[in-house]
>>> print(open('model_31.cif').read())   # mmCIF, C-alpha atoms
data_entry
loop_
_atom_site.label_atom_id
_atom_site.label_comp_id
_atom_site.auth_asym_id
_atom_site.auth_seq_id
_atom_site.Cartn_x
_atom_site.Cartn_y
_atom_site.Cartn_z
CA MET A 1 106.84 106.77 104.54
CA ALA A 2 103.62 107.85 102.84
CA THR A 3 102.34 106.09 99.75
CA PRO A 4 103.35 108.28 96.79
CA GLN A 5 100.66 109.97 94.74
CA LEU A 6 101.08 109.23 91.05
CA ASP A 7 100.96 112.91 90.14
CA ASP A 8 104.04 113.53 92.31
CA LEU A 9 106.22 110.93 90.60
CA THR A 10 108.30 110.92 87.45
CA ALA A 11 106.81 109.20 84.40
CA ARG A 12 108.99 106.13 84.96
CA ALA A 13 108.00 105.91 88.62
CA ARG A 14 104.31 106.46 87.77
CA ILE A 15 104.45 103.57 85.33
CA ARG A 16 106.14 101.34 87.89
CA GLU A 17 103.57 102.18 90.60
CA ALA A 18 100.69 101.65 88.16
CA ALA A 19 102.19 98.32 87.08
CA LEU A 20 102.47 97.18 90.71
CA LYS A 21 98.76 97.86 91.24
CA GLN A 22 97.73 96.28 87.93
CA PHE A 23 99.79 93.15 88.58
CA ALA A 24 98.33 92.95 92.08
CA GLU A 25 94.75 93.37 90.88
CA HIS A 26 94.79 91.31 87.69
CA GLY A 27 97.87 89.08 87.94
CA TYR A 28 100.87 89.31 85.66
CA GLU A 29 99.40 87.35 82.75
CA ARG A 30 96.14 89.32 82.63
CA ALA A 31 97.66 92.75 83.15
CA THR A 32 98.37 94.59 79.89
CA ILE A 33 100.74 97.33 78.78
CA ARG A 34 97.70 99.32 77.63
CA GLY A 35 96.00 98.99 81.03
CA ILE A 36 99.17 99.94 82.88
CA ALA A 37 99.66 102.94 80.62
CA ALA A 38 96.08 104.11 81.20
CA ALA A 39 96.46 103.75 84.98
CA ALA A 40 99.71 105.75 84.85
CA GLY A 41 98.25 108.42 82.58
CA VAL A 42 100.81 107.83 79.83
CA SER A 43 100.85 106.24 76.38
CA PRO A 44 101.67 102.55 75.81
CA GLY A 45 104.60 103.76 73.72
CA LEU A 46 106.07 105.57 76.71
CA VAL A 47 105.80 102.40 78.81
CA ARG A 48 107.77 100.52 76.17
CA HIS A 49 110.24 103.40 75.89
CA HIS A 50 111.06 103.24 79.60
CA PHE A 51 110.89 99.48 80.16
CA GLY A 52 110.92 97.73 76.80
CA SER A 53 108.57 94.89 77.72
CA LYS A 54 106.06 93.76 80.33
CA GLU A 55 108.60 91.28 81.70
CA ALA A 56 111.20 94.02 82.16
CA LEU A 57 108.55 96.15 83.84
CA ARG A 58 107.78 93.33 86.26
CA ASP A 59 111.51 93.05 87.00
CA ALA A 60 111.56 96.76 87.85
CA VAL A 61 108.55 96.35 90.15
CA ASP A 62 110.23 93.37 91.84
CA ALA A 63 113.40 95.37 92.40
CA HIS A 64 111.38 98.22 93.89
CA VAL A 65 109.44 95.90 96.20
CA MET A 66 112.61 94.15 97.35
CA ALA A 67 114.37 97.48 97.98
CA GLU A 68 111.47 98.70 100.12
CA ILE A 69 111.32 95.44 102.08
CA ARG A 70 115.07 95.67 102.73
CA ARG A 71 114.81 99.33 103.75
CA VAL A 72 112.06 98.64 106.28
CA ASN A 73 113.81 95.51 107.52
CA ASP A 74 117.00 97.51 108.14
CA GLU A 75 115.03 100.16 110.05
CA ILE A 76 113.32 97.55 112.21
CA LEU A 77 116.58 95.72 112.86
CA ALA A 78 118.27 98.98 113.87
CA GLY A 79 115.33 99.81 116.13
CA SER A 80 115.58 96.40 117.75
CA GLU A 81 119.25 96.96 118.51
CA ARG A 82 118.38 100.34 120.09
CA GLY A 83 115.59 98.75 122.11
CA ASP A 84 112.88 100.89 120.48
CA LEU A 85 110.65 99.51 117.74
CA ALA A 86 108.08 102.33 117.77
CA PRO A 87 109.51 104.31 114.80
CA ALA A 88 110.29 101.12 112.88
CA ALA A 89 106.78 99.74 113.39
CA PHE A 90 105.43 102.94 111.87
CA SER A 91 107.75 102.49 108.88
CA GLN A 92 106.39 98.99 108.34
CA THR A 93 103.06 100.45 107.25
CA ALA A 94 104.90 101.49 104.07
CA LEU A 95 104.83 97.81 103.06
CA ARG A 96 101.03 97.58 103.10
CA PRO A 97 100.66 98.60 99.42
CA PHE A 98 102.82 95.61 98.46
CA GLN A 99 100.73 92.95 100.20
CA ASN A 100 98.28 92.44 97.34
CA TYR A 101 101.19 92.21 94.91
CA LEU A 102 102.87 89.48 96.96
CA VAL A 103 99.59 87.59 97.37
CA GLN A 104 98.94 87.67 93.62
CA ALA A 105 102.46 86.46 92.92
CA LEU A 106 101.81 83.52 95.25
CA VAL A 107 98.51 82.71 93.55
CA ASP A 108 100.04 82.99 90.07
CA GLY A 109 102.89 80.63 90.95
CA SER A 110 105.11 83.27 89.41
CA PRO A 111 108.93 83.00 89.26
CA THR A 112 108.77 86.47 90.76
CA MET A 113 107.73 84.87 94.03
CA ALA A 114 110.81 82.66 94.09
CA ARG A 115 113.10 85.68 93.86
CA LEU A 116 111.17 87.66 96.45
CA PHE A 117 110.91 84.72 98.84
CA ASP A 118 114.64 83.98 98.64
CA HIS A 119 115.36 87.65 99.25
CA MET A 120 113.14 87.72 102.34
CA ILE A 121 114.73 84.54 103.67
CA GLY A 122 118.07 86.34 103.63
CA LEU A 123 116.62 89.25 105.60
CA THR A 124 115.02 86.95 108.15
CA GLU A 125 118.30 85.14 108.64
CA GLN A 126 119.72 88.44 109.92
CA TRP A 127 117.06 88.49 112.64
CA LEU A 128 117.68 84.88 113.58
CA GLU A 129 121.42 85.50 113.76
CA HIS A 130 120.79 88.19 116.40
CA ALA A 131 118.32 85.97 118.25
CA ASP A 132 120.66 82.97 118.16
CA ALA A 133 123.40 84.99 119.84
CA ASP A 134 121.27 85.09 123.01
CA ARG A 135 120.22 81.44 122.93
CA THR A 136 121.53 79.06 125.56
CA ASP A 137 120.37 75.95 123.68
CA GLU A 138 121.27 74.63 120.25
CA PRO A 139 118.71 75.39 117.52
CA MET A 140 116.75 72.34 116.41
CA VAL A 141 117.30 73.05 112.72
CA ASP A 142 119.52 75.27 110.57
CA ARG A 143 118.93 79.01 110.33
CA ARG A 144 117.87 79.07 106.67
CA THR A 145 115.17 76.47 107.23
CA ARG A 146 113.82 78.44 110.17
CA ALA A 147 113.87 81.63 108.09
CA ALA A 148 111.96 79.91 105.27
CA VAL A 149 109.27 78.64 107.66
CA LEU A 150 108.89 82.03 109.33
CA ASN A 151 108.41 83.72 105.96
CA ALA A 152 105.93 81.11 104.81
CA MET A 153 103.91 81.66 107.99
CA ALA A 154 103.98 85.44 107.54
CA MET A 155 103.08 85.33 103.84
CA GLY A 156 100.22 82.94 104.51
CA ILE A 157 98.46 85.71 106.45
CA PRO A 158 97.62 87.95 103.45
CA LEU A 159 96.95 84.86 101.33
CA LEU A 160 94.13 84.01 103.76
CA ARG A 161 92.80 87.56 103.69
CA GLU A 162 89.14 86.60 103.29
CA HIS A 163 89.11 84.21 106.25
CA ILE A 164 91.26 86.30 108.59
CA SER A 165 89.18 89.39 107.83
CA ARG A 166 86.03 87.46 108.67
CA ALA A 167 87.50 86.33 111.99
CA VAL A 168 88.85 89.80 112.86
CA GLY A 169 85.66 91.56 111.83
CA ALA A 170 87.41 93.98 109.47
CA ASP A 171 89.26 93.80 106.16
CA MET A 172 92.83 92.98 107.18
CA PHE A 173 94.11 95.41 104.54
CA SER A 174 92.13 98.28 106.08
CA PRO A 175 93.78 100.40 108.81
CA GLU A 176 91.59 98.78 111.49
CA GLY A 177 92.19 95.23 110.28
CA TYR A 178 95.91 95.79 109.71
CA GLN A 179 96.27 97.10 113.27
CA ALA A 180 94.46 94.08 114.71
CA VAL A 181 96.57 91.57 112.77
CA ALA A 182 99.81 93.41 113.58
CA LEU A 183 99.02 93.47 117.30
CA ALA A 184 98.06 89.79 117.24
CA THR A 185 101.38 88.97 115.57
CA LEU A 186 103.32 90.98 118.15
CA ASP A 187 101.49 89.23 120.97
CA ILE A 188 102.26 85.79 119.53
CA TYR A 189 105.94 86.60 118.92
CA SER A 190 106.41 88.04 122.41
CA HIS A 191 104.87 85.11 124.31
CA THR A 192 106.04 81.54 123.85
CA LEU A 193 103.36 78.94 123.19
CA LEU A 194 105.43 76.04 124.53
CA SER A 195 107.63 75.78 127.59
CA PRO A 196 111.22 74.66 126.96
CA GLU A 197 110.36 71.37 128.62
CA LEU A 198 107.38 70.69 126.33
CA ALA A 199 109.38 71.71 123.26
CA GLU A 200 112.19 69.33 124.25
CA SER A 201 109.76 66.45 124.73
CA ALA A 202 108.27 67.12 121.27
CA ARG A 203 111.77 67.26 119.80
CA ALA A 204 112.63 63.93 121.36
CA GLY A 205 109.50 62.39 119.86
CA LEU A 206 110.24 63.79 116.41
CA GLU A 207 113.83 62.62 116.43
CA ALA A 208 112.82 59.16 117.61
CA ALA A 209 110.45 58.92 114.64
CA ASN A 210 113.16 59.77 112.09
CA PRO A 211 116.27 57.81 111.04
CA PRO A 212 119.66 59.12 112.23
CA SER A 213 120.55 60.43 108.74
CA ILE A 214 117.56 62.79 108.78
CA ARG A 215 118.32 63.97 112.31
CA GLU A 216 121.91 64.74 111.38
CA GLN A 217 120.89 66.62 108.24
CA ARG A 218 118.53 68.90 110.18
CA ARG A 219 121.31 70.00 112.49
CA ARG A 220 123.51 71.29 109.65
#
>>> encode(input="model_31.cif", output="structure tokens")
Amino acid sequence: MATPQLDDLTARARIREAALKQFAEHGYERATIRGIAAAAGVSPGLVRHHFGSKEALRDAVDAHVMAEIRRVNDEILAGSERGDLAPAAFSQTALRPFQNYLVQALVDGSPTMARLFDHMIGLTEQWLEHADADRTDEPMVDRRTRAAVLNAMAMGIPLLREHISRAVGADMFSPEGYQAVALATLDIYSHTLLSPELAESARAGLEAANPPSIREQRRR
């Protein structure tokens, strides 16, 4: 899915896309209705006509971001079930424009991030449900906790953009840098870092260090 050009969108969609970029660049508090209107090529009055307030506009952007994340997740999940992730991996590039927005929401400590993060946990749980069906051992901790940790790890990547880009040798939001980071992620996911035996020994050590009540809670 190509990134839409503002001239090709309706006024409401142009405002929403401009707001996404303004929130990503300046943060929610510093972004203004006037700045969003100028970026969208409309009047501030039209922004208020369509959305009423900056908060309602942010809610519309959040809904759009979550819908796109769900759409791509569904495509990737379907591709996984078919045994072919090539088309789905291409679709994932549609999420690149949202990375700065998510990073800024993290930095701002915005309630937006709580809603988005909870939404993405739910999507990740779908993946873990499929993966768990093929497991021969019992998971060490509940599915939601694992989904939360996976998302935190993934979202930490764009948050560390400056440092990862320096290590990769290219801006990780550029096509070259994005490709390098995506391939590195695929390589890590497709090759285990610990043998089952080493993982079990680490688990035994962790459980020995915690009281029985904590161990029992983690298995729920």
>>> residues_around(input="model_31.cif", residues="Asp171 of chain A", least_positions_apart="4", cutoff="12 Å", atoms="only C-alpha atoms", output="PyMOL selection string")
chain A and resi 158+160-167+175-181
>>> closest_residue(input="model_31.cif", among="A:Tyr189, A:Arg48, A:Glu207, A:Gln99", to="Met172 of chain A", atoms="all atoms listed in the file")
A:Gln99
>>> closest_residue(input="model_31.cif", among="A:His50, A:Gln126, A:Val107, A:Ala31", to="Leu77 of chain A", atoms="only C-alpha atoms")
A:Gln126
>>> resolve_selection(input="model_31.cif", expression="the PyMOL selection byres ((chain A and resi 146) around 12)", output="JSON, numbers by chain")
{"A": [121, 122, 124, 125, 126, 127, 128, 129, 131, 132, 139, 140, 141, 142, 143, 144, 145, 147, 148, 149, 150, 151, 152, 153, 218, 219]}
>>> closest_residue(input="model_31.cif", among="A:Glu55, A:Asp118, A:Asp74, A:Asp62", to="Glu17 of chain A", atoms="all atoms listed in the file")
A:Asp62
>>> closest_residue(input="model_31.cif", among="A:Arg96, A:Lys54, A:Arg203, A:Arg115", to="Arg30 of chain A", atoms="all atoms listed in the file")
A:Lys54
>>> closest_residue(input="model_31.cif", among="A:Val103, A:Ile69, A:Ile157, A:Ala78", to="Met120 of chain A", atoms="all atoms listed in the file")
A:Ile69
>>> resolve_selection(input="model_31.cif", expression="the PyMOL selection byres ((chain A and resi 42) around 12)", output="PyMOL selection string")
chain A and resi 6-7+10-16+18+33-41+43-50
>>> write_last_selection(input="model_31.cif", atoms="C-alpha atoms", output="PDB file, in the frame of the given file")
ATOM      1  CA  LEU A   6     101.080 109.230  91.050  1.00  0.00           C
ATOM      2  CA  ASP A   7     100.960 112.910  90.140  1.00  0.00           C
ATOM      3  CA  THR A  10     108.300 110.920  87.450  1.00  0.00           C
ATOM      4  CA  ALA A  11     106.810 109.200  84.400  1.00  0.00           C
ATOM      5  CA  ARG A  12     108.990 106.130  84.960  1.00  0.00           C
ATOM      6  CA  ALA A  13     108.000 105.910  88.620  1.00  0.00           C
ATOM      7  CA  ARG A  14     104.310 106.460  87.770  1.00  0.00           C
ATOM      8  CA  ILE A  15     104.450 103.570  85.330  1.00  0.00           C
ATOM      9  CA  ARG A  16     106.140 101.340  87.890  1.00  0.00           C
ATOM     10  CA  ALA A  18     100.690 101.650  88.160  1.00  0.00           C
ATOM     11  CA  ILE A  33     100.740  97.330  78.780  1.00  0.00           C
ATOM     12  CA  ARG A  34      97.700  99.320  77.630  1.00  0.00           C
ATOM     13  CA  GLY A  35      96.000  98.990  81.030  1.00  0.00           C
ATOM     14  CA  ILE A  36      99.170  99.940  82.880  1.00  0.00           C
ATOM     15  CA  ALA A  37      99.660 102.940  80.620  1.00  0.00           C
ATOM     16  CA  ALA A  38      96.080 104.110  81.200  1.00  0.00           C
ATOM     17  CA  ALA A  39      96.460 103.750  84.980  1.00  0.00           C
ATOM     18  CA  ALA A  40      99.710 105.750  84.850  1.00  0.00           C
ATOM     19  CA  GLY A  41      98.250 108.420  82.580  1.00  0.00           C
ATOM     20  CA  SER A  43     100.850 106.240  76.380  1.00  0.00           C
ATOM     21  CA  PRO A  44     101.670 102.550  75.810  1.00  0.00           C
ATOM     22  CA  GLY A  45     104.600 103.760  73.720  1.00  0.00           C
ATOM     23  CA  LEU A  46     106.070 105.570  76.710  1.00  0.00           C
ATOM     24  CA  VAL A  47     105.800 102.400  78.810  1.00  0.00           C
ATOM     25  CA  ARG A  48     107.770 100.520  76.170  1.00  0.00           C
ATOM     26  CA  HIS A  49     110.240 103.400  75.890  1.00  0.00           C
ATOM     27  CA  HIS A  50     111.060 103.240  79.600  1.00  0.00           C
TER      28      HIS A  50
END
>>> resolve_selection(input="model_31.cif", expression="the PyMOL selection byres ((chain A and resi 64) around 12)", output="PyMOL selection string")
chain A and resi 13+16-17+19-20+57-63+65-71+95+98+101+116
>>> closest_residue(input="model_31.cif", among="A:Thr112, A:Ser174, A:Ser195, A:Gln104", to="Leu159 of chain A", atoms="all atoms listed in the file")
A:Gln104
>>> atom_distance(input="model_31.cif", atom1="atom CA of Ala184 of chain A", atom2="atom CA of Val168 of chain A")
10.2 Å
>>> atom_distance(input="model_31.cif", atom1="atom CA of Asn100 of chain A", atom2="atom CA of Lys21 of chain A")
8.2 Å
>>> atom_distance(input="model_31.cif", atom1="atom CA of Leu206 of chain A", atom2="atom CA of Leu194 of chain A")
15.5 Å
>>> axis_aligned_box(input="model_31.cif", around="segment 28-39 of chain A", padding_each_side="6 Å", output="AutoDock Vina command-line options")
--center_x 98.4 --center_y 95.7 --center_z 81.6 --size_x 16.9 --size_y 28.8 --size_z 20.0
